[in-house]
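Asks: Below you'll find run17.pdb; it's PDB, C-alpha atoms.
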ATOM      1  CA  LYS I 245    -122.011  11.185  93.420
ATOM      2  CA  SER I 246    -121.892   9.278  96.723
ATOM      3  CA  LYS I 247    -125.276  10.776  97.679
ATOM      4  CA  ARG I 248    -127.100   9.194  94.724
ATOM      5  CA  ALA I 249    -129.783   6.615  95.508
ATOM      6  CA  PRO I 250    -129.224   2.897  94.781
ATOM      7  CA  ASP I 251    -130.107   1.685  91.280
ATOM      8  CA  ASP I 252    -129.791  -1.497  89.184
ATOM      9  CA  ARG I 253    -126.076  -0.921  88.600
ATOM     10  CA  HIS I 254    -125.227   0.040  92.203
ATOM     11  CA  THR I 255    -127.684  -1.924  94.333
ATOM     12  CA  TYR I 256    -125.899  -0.925  97.554
ATOM     13  CA  GLY I 257    -125.850   2.716  96.482
ATOM     14  CA  TYR I 258    -122.948   5.024  95.663
ATOM     15  CA  LEU I 259    -121.537   5.568  99.166
ATOM     16  CA  ARG I 260    -118.227   3.897  98.285
ATOM     17  CA  TYR I 261    -117.470   6.754  95.878
ATOM     18  CA  SER I 262    -116.731   8.968  98.895
ATOM     19  CA  VAL I 263    -114.255   6.332 100.115
ATOM     20  CA  LEU I 264    -112.646   6.231  96.662
ATOM     21  CA  GLY I 265    -112.408  10.035  96.699
ATOM     22  CA  ALA I 266    -110.703   9.920 100.092
ATOM     23  CA  ALA I 267    -108.251   7.286  98.831
ATOM     24  CA  VAL I 268    -107.347   9.442  95.815
ATOM     25  CA  THR I 269    -106.911  12.533  98.019
ATOM     26  CA  ASP I 270    -104.704  10.672 100.486
ATOM     27  CA  THR I 271    -102.618   9.154  97.679
ATOM     28  CA  VAL I 272    -102.031  12.606  96.163
ATOM     29  CA  LEU I 273    -101.005  13.938  99.593
ATOM     30  CA  ILE I 274     -98.609  11.048 100.234
ATOM     31  CA  VAL I 275     -96.963  11.180  96.791
ATOM     32  CA  GLY I 276     -96.859  14.986  96.847
ATOM     33  CA  SER I 277     -95.286  15.035 100.312
ATOM     34  CA  ALA I 278     -92.636  12.532  99.230
ATOM     35  CA  ALA I 279     -91.815  14.699  96.196
ATOM     36  CA  VAL I 280     -91.556  17.834  98.375
ATOM     37  CA  ILE I 281     -89.202  16.034 100.778
ATOM     38  CA  CYS I 282     -86.939  14.858  97.913
ATOM     39  CA  PHE I 283     -86.801  18.347  96.395
ATOM     40  CA  ALA I 284     -86.294  20.011  99.799
ATOM     41  CA  LEU I 285     -83.400  17.698 100.680
ATOM     42  CA  SER I 286     -81.508  18.807  97.576
ATOM     43  CA  ARG I 287     -82.226  22.455  98.486
ATOM     44  CA  LEU I 288     -81.097  21.813 102.059
ATOM     45  CA  PHE I 289     -77.585  20.926 100.954
ATOM     46  CA  ASN I 290     -77.551  23.493  98.140
ATOM     47  CA  PRO I 291     -79.557  26.490  99.404
ATOM     48  CA  GLU I 292     -80.563  29.053  96.811
ATOM     49  CA  PRO I 293     -81.386  32.726  97.373
ATOM     50  CA  ILE I 294     -85.047  33.358  98.254
ATOM     51  CA  HIS I 295     -87.198  36.322  97.242
ATOM     52  CA  GLY I 296     -88.347  37.183 100.766
ATOM     53  CA  VAL I 297     -90.941  39.838  99.855
ATOM     54  CA  GLY I 298     -92.515  37.731  97.123
ATOM     55  CA  MET I 299     -92.549  34.749  99.446
ATOM     56  CA  THR I 300     -94.354  36.813 102.101
ATOM     57  CA  VAL I 301     -97.003  38.067  99.648
ATOM     58  CA  PHE I 302     -97.682  34.558  98.337
ATOM     59  CA  ALA I 303     -97.817  33.200 101.900
ATOM     60  CA  LEU I 304    -100.402  35.776 102.985
ATOM     61  CA  PHE I 305    -102.540  35.103  99.914
ATOM     62  CA  GLY I 306    -102.265  31.307 100.339
ATOM     63  CA  LEU I 307    -102.982  31.516 104.062
ATOM     64  CA  GLY I 308    -106.129  33.580 103.497
ATOM     65  CA  ALA I 309    -107.420  31.306 100.721
ATOM     66  CA  ASN I 310    -106.796  28.106 102.657
ATOM     67  CA  LEU I 311    -108.217  29.445 105.927
ATOM     68  CA  THR I 312    -111.415  30.152 103.994
ATOM     69  CA  ALA I 313    -111.356  26.704 102.386
ATOM     70  CA  ALA I 314    -110.688  24.976 105.717
ATOM     71  CA  TYR I 315    -113.621  26.859 107.264
ATOM     72  CA  LEU I 316    -115.957  25.901 104.394
ATOM     73  CA  THR I 317    -114.999  22.193 104.487
ATOM     74  CA  ARG I 318    -115.342  21.747 108.260
ATOM     75  CA  GLY I 319    -117.936  19.412 109.755
ATOM     76  CA  GLY I 320    -117.898  16.782 106.981
ATOM     77  CA  LYS I 321    -118.948  13.288 108.005
ATOM     78  CA  SER I 322    -117.741  11.099 105.138
ATOM     79  CA  LEU I 323    -114.130   9.950 104.867
ATOM     80  CA  ASN I 324    -113.759  11.982 101.687
ATOM     81  CA  GLN I 325    -115.044  15.168 103.341
ATOM     82  CA  LYS I 326    -112.692  14.570 106.264
ATOM     83  CA  ALA I 327    -109.762  13.965 103.889
ATOM     84  CA  VAL I 328    -110.497  17.181 101.975
ATOM     85  CA  HIS I 329    -110.773  19.156 105.228
ATOM     86  CA  LEU I 330    -107.510  17.604 106.442
ATOM     87  CA  HIS I 331    -105.889  18.686 103.181
ATOM     88  CA  MET I 332    -107.168  22.270 103.601
ATOM     89  CA  ALA I 333    -106.113  22.425 107.277
ATOM     90  CA  GLU I 334    -102.649  21.133 106.422
ATOM     91  CA  ASP I 335    -102.370  23.713 103.640
ATOM     92  CA  VAL I 336    -103.029  26.370 106.291
ATOM     93  CA  LEU I 337    -100.086  24.940 108.235
ATOM     94  CA  GLY I 338     -97.979  24.898 105.065
ATOM     95  CA  TRP I 339     -98.633  28.547 104.244
ATOM     96  CA  THR I 340     -97.985  29.493 107.877
ATOM     97  CA  ALA I 341     -94.609  27.752 107.575
ATOM     98  CA  VAL I 342     -93.909  29.680 104.348
ATOM     99  CA  LEU I 343     -94.719  32.942 106.139
ATOM    100  CA  VAL I 344     -92.445  32.032 109.067
ATOM    101  CA  GLY I 345     -89.715  30.995 106.634
ATOM    102  CA  ALA I 346     -89.986  34.302 104.774
ATOM    103  CA  ALA I 347     -89.731  36.242 108.036
ATOM    104  CA  VAL I 348     -86.697  34.234 109.188
ATOM    105  CA  TYR I 349     -84.991  34.691 105.810
ATOM    106  CA  CYS I 350     -85.680  38.441 105.683
ATOM    107  CA  LEU I 351     -84.308  38.888 109.211
ATOM    108  CA  THR I 352     -81.341  36.499 109.102
ATOM    109  CA  GLY I 353     -80.620  35.567 105.477
ATOM    110  CA  PHE I 354     -80.717  31.859 106.460
ATOM    111  CA  ALA I 355     -81.852  30.359 103.119
ATOM    112  CA  ALA I 356     -81.976  26.736 104.326
ATOM    113  CA  VAL I 357     -85.000  27.578 106.511
ATOM    114  CA  ASP I 358     -87.197  27.138 103.426
ATOM    115  CA  ALA I 359     -86.061  23.527 102.926
ATOM    116  CA  LEU I 360     -86.254  22.692 106.651
ATOM    117  CA  LEU I 361     -89.826  23.965 106.939
ATOM    118  CA  SER I 362     -90.802  22.203 103.709
ATOM    119  CA  ILE I 363     -89.544  18.868 105.065
ATOM    120  CA  GLY I 364     -91.309  19.402 108.403
ATOM    121  CA  VAL I 365     -94.667  20.271 106.843
ATOM    122  CA  ALA I 366     -94.394  17.461 104.269
ATOM    123  CA  LEU I 367     -93.709  14.880 107.004
ATOM    124  CA  PHE I 368     -96.679  16.164 108.999
ATOM    125  CA  ILE I 369     -98.984  15.981 105.964
ATOM    126  CA  MET I 370     -97.715  12.520 105.027
ATOM    127  CA  TRP I 371     -98.345  11.238 108.560
ATOM    128  CA  GLY I 372    -101.945  12.554 108.516
ATOM    129  CA  ALA I 373    -102.596  11.088 105.063
ATOM    130  CA  LEU I 374    -101.185   7.690 106.071
ATOM    131  CA  GLN I 375    -103.459   7.639 109.128
ATOM    132  CA  SER I 376    -106.443   8.530 106.947
ATOM    133  CA  PHE I 377    -105.480   5.799 104.471
ATOM    134  CA  GLY I 378    -105.347   3.362 107.390
ATOM    135  CA  ARG I 379    -109.019   4.129 108.096
ATOM    136  CA  ILE I 380    -109.951   3.630 104.436
ATOM    137  CA  LEU I 381    -108.242   0.282 103.842
ATOM    138  CA  PRO I 382    -110.537  -1.749 106.180
ATOM    139  CA  LEU I 383    -113.553  -0.455 104.217
ATOM    140  CA  PHE I 384    -112.161  -1.766 100.924
ATOM    141  CA  LEU I 385    -111.366  -5.085 102.641
ATOM    142  CA  ASP I 386    -114.929  -5.275 104.049
ATOM    143  CA  LYS I 387    -113.673  -5.765 107.589
ATOM    144  CA  THR I 388    -116.197  -5.813 110.436
ATOM    145  CA  PRO I 389    -116.828  -2.157 111.386
ATOM    146  CA  GLU I 390    -115.349  -0.886 114.650
ATOM    147  CA  GLY I 391    -117.708  -1.259 117.588
ATOM    148  CA  LEU I 392    -119.805  -4.032 116.032
ATOM    149  CA  SER I 393    -119.666  -7.703 117.001
ATOM    150  CA  VAL I 394    -120.988 -10.614 114.939
ATOM    151  CA  GLU I 395    -121.539 -12.679 118.113
ATOM    152  CA  GLU I 396    -123.451  -9.912 119.896
ATOM    153  CA  ILE I 397    -125.721  -9.269 116.912
ATOM    154  CA  LYS I 398    -126.273 -12.982 116.403
ATOM    155  CA  ALA I 399    -127.142 -13.458 120.112
ATOM    156  CA  ALA I 400    -129.562 -10.514 120.039
ATOM    157  CA  VAL I 401    -131.396 -11.924 117.004
ATOM    158  CA  GLU I 402    -131.479 -15.462 118.438
ATOM    159  CA  ALA I 403    -133.116 -14.040 121.566
ATOM    160  CA  LEU I 404    -136.162 -12.935 119.552
ATOM    161  CA  GLU I 405    -139.243 -15.141 119.844
ATOM    162  CA  GLY I 406    -139.552 -17.709 117.080
ATOM    163  CA  VAL I 407    -135.958 -17.538 115.819
ATOM    164  CA  GLU I 408    -134.702 -21.098 115.347
ATOM    165  CA  GLU I 409    -131.273 -20.401 113.915
ATOM    166  CA  VAL I 410    -129.081 -17.557 112.665
ATOM    167  CA  HIS I 411    -126.167 -18.055 110.299
ATOM    168  CA  HIS I 412    -124.280 -16.394 107.430
ATOM    169  CA  VAL I 413    -123.972 -13.156 109.405
ATOM    170  CA  HIS I 414    -121.998 -10.524 107.502
ATOM    171  CA  LEU I 415    -121.165  -6.997 108.653
ATOM    172  CA  ARG I 416    -119.676  -4.225 106.555
ATOM    173  CA  SER I 417    -119.449  -0.469 106.412
ATOM    174  CA  PHE I 418    -120.085   1.408 103.184
ATOM    175  CA  ASP I 419    -118.306   4.650 104.019
ATOM    176  CA  GLY I 420    -117.165   4.538 107.637
ATOM    177  CA  ASN I 421    -120.487   5.974 108.842
ATOM    178  CA  ILE I 422    -123.231   3.745 107.459
ATOM    179  CA  SER I 423    -122.972   0.021 108.157
ATOM    180  CA  CYS I 424    -125.152  -2.931 107.217
ATOM    181  CA  ALA I 425    -125.698  -6.494 108.347
ATOM    182  CA  THR I 426    -126.971  -9.393 106.274
ATOM    183  CA  MET I 427    -127.882 -12.789 107.724
ATOM    184  CA  HIS I 428    -129.950 -15.906 107.177
ATOM    185  CA  ILE I 429    -132.612 -16.457 109.860
ATOM    186  CA  VAL I 430    -134.591 -19.683 110.191
ATOM    187  CA  THR I 431    -138.040 -19.298 111.763
ATOM    188  CA  LEU I 432    -141.317 -21.209 112.003
ATOM    189  CA  ARG I 433    -143.328 -18.064 112.763
ATOM    190  CA  PRO I 434    -146.114 -17.397 110.275
ATOM    191  CA  ASP I 435    -145.556 -13.632 110.549
ATOM    192  CA  ALA I 436    -142.046 -13.567 109.083
ATOM    193  CA  GLY I 437    -142.562  -9.940 108.031
ATOM    194  CA  GLU I 438    -143.110  -8.891 111.657
ATOM    195  CA  LEU I 439    -140.014 -10.826 112.731
ATOM    196  CA  LYS I 440    -138.004  -9.065 110.028
ATOM    197  CA  ARG I 441    -139.230  -5.712 111.370
ATOM    198  CA  GLN I 442    -138.152  -6.688 114.891
ATOM    199  CA  VAL I 443    -134.714  -7.746 113.630
TER
END
Rewrite the coordinates I just gave you, this time as structure tokens.

Replies:
Amino acid sequence: KSKRAPDDRHTYGYLRYSVLGAAVTDTVLIVGSAAVICFALSRLFNPEPIHGVGMTVFALFGLGANLTAAYLTRGGKSLNQKAVHLHMAEDVLGWTAVLVGAAVYCLTGFAAVDALLSIGVALFIMWGALQSFGRILPLFLDKTPEGLSVEEIKAAVEALEGVEEVHHVHLRSFDGNISCATMHIVTLRPDAGELKRQV
């Protein structure tokens, strides 16, 4: 949906939908990680027997599926694509932890390893999701994009021939990749269209 062209209802286009998608993904990861941690803590103090063979089979299946998914989602540029890839990559880590846990349990009978690994993976996923959310929040708040300066842009425009004044300069990013600037430029030049092209 974020790739749709602008229309009368979305004059700036649909790019923000990718940001919304990333926010939803990160929220699910954060809430899900918190739930896993709560459940794992109760299992840590009251370990239950684990079906080691079944755990191993599920881990191998999950690892294969998520390795494929992580490979297919690599190289995305939007925040949503990056969030989805992060989710797939972290699932690979999760299934690797399940496989390690199954091996440790089968060899030692230490049932609490399942809860310990669950807490570790959940904390890692939560940290990644919180960092991703931190990159999304400035977009919703329309903060000036990283690497852009209102003063530098204003000075560059004022340096153009025929520009009398520049004010109401606003900078924003739609999706973390594509940014735009709007401004009011006062000029006495008769060829305002050419000046606009130069700007």

Asks: Need to verify the contact set: I:Ala333, 10 Å, all atoms listed in the file, exclusion of same-chain residues closer than 6 positions in sequence. Can you return it as a VMD selection string?

Replies: chain I and resid 310 to 315 317 to 318 327 369

Asks: Once the PyMOL selection byres ((chain I and resi 431) around 8) is applied to the coordinates I shared, what remains selected? I want it as a list in words.

Replies: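 Taken on the displayed file, the PyMOL selection byres ((chain I and resi 431) around 8) yields the residues Gly406, Val407, Glu408, Glu409, Ile429, Val430, Leu432, Arg433 and Ala436 of chain I.
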
Asks: Restricting the calculation to only C-alpha atoms: of I:Cys282, I:Val413, I:Val272, I:Cys350, which residue gets closest to I:Val328?

Replies: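 Ranked by minimum distance to I:Val328, first place goes to I:Val272.
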
Asks: Rounded to one decimal in Å, what is the spacing between atom CA of I:Arg441 and atom CA of I:Phe384?

Replies: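 So the answer is 29.3 Å.
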
Asks: Evaluate the PyMOL selection byres ((chain I and resi 416) around 9) on the structure here and hand back the selected residues as a PyMOL selection string.

Replies: chain I and resi 383+386-389+414-415+417-418+422-426

Asks: Quick one: pull the distance between atom CA of I:Thr300 and atom CA of I:Asp270, Å, one decimal.

Replies: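 A separation of 28.2 Å between them.
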
Asks: Which residue out of I:Ser376, I:Met427, I:Ala346, I:Pro291 has the minimum interatomic distance to I:Val401 when all atoms listed in the file are used?

Replies: I:Met427

Asks: Just say which residues the PyMOL selection byres ((chain I and resi 370) around 8) picks in this file, as a count of residues only.

Replies: 12

Asks: How far is it from atom CA of I:Tyr258 to atom CA of I:Gly420, in Å with one decimal?

Replies: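 Spanning atom CA of I:Tyr258 to atom CA of I:Gly420 is a straight-line distance of 13.3 Å.
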
Asks: Find the residues near I:Arg248: any atom within 12 Å, counting all atoms listed in the file, skip ones fewer than 3 places away on the same chain, and give them as a ChimeraX atom specification.

Replies: /I:245,251,253-262

Asks: Can you work out which one of I:Leu316, I:Met299, I:Ala359, I:Leu323 has the shortest atom-to-atom distance to I:Trp339, counting all atoms listed in the file?

Replies: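 Of all the options, I:Met299 lies closest to I:Trp339.
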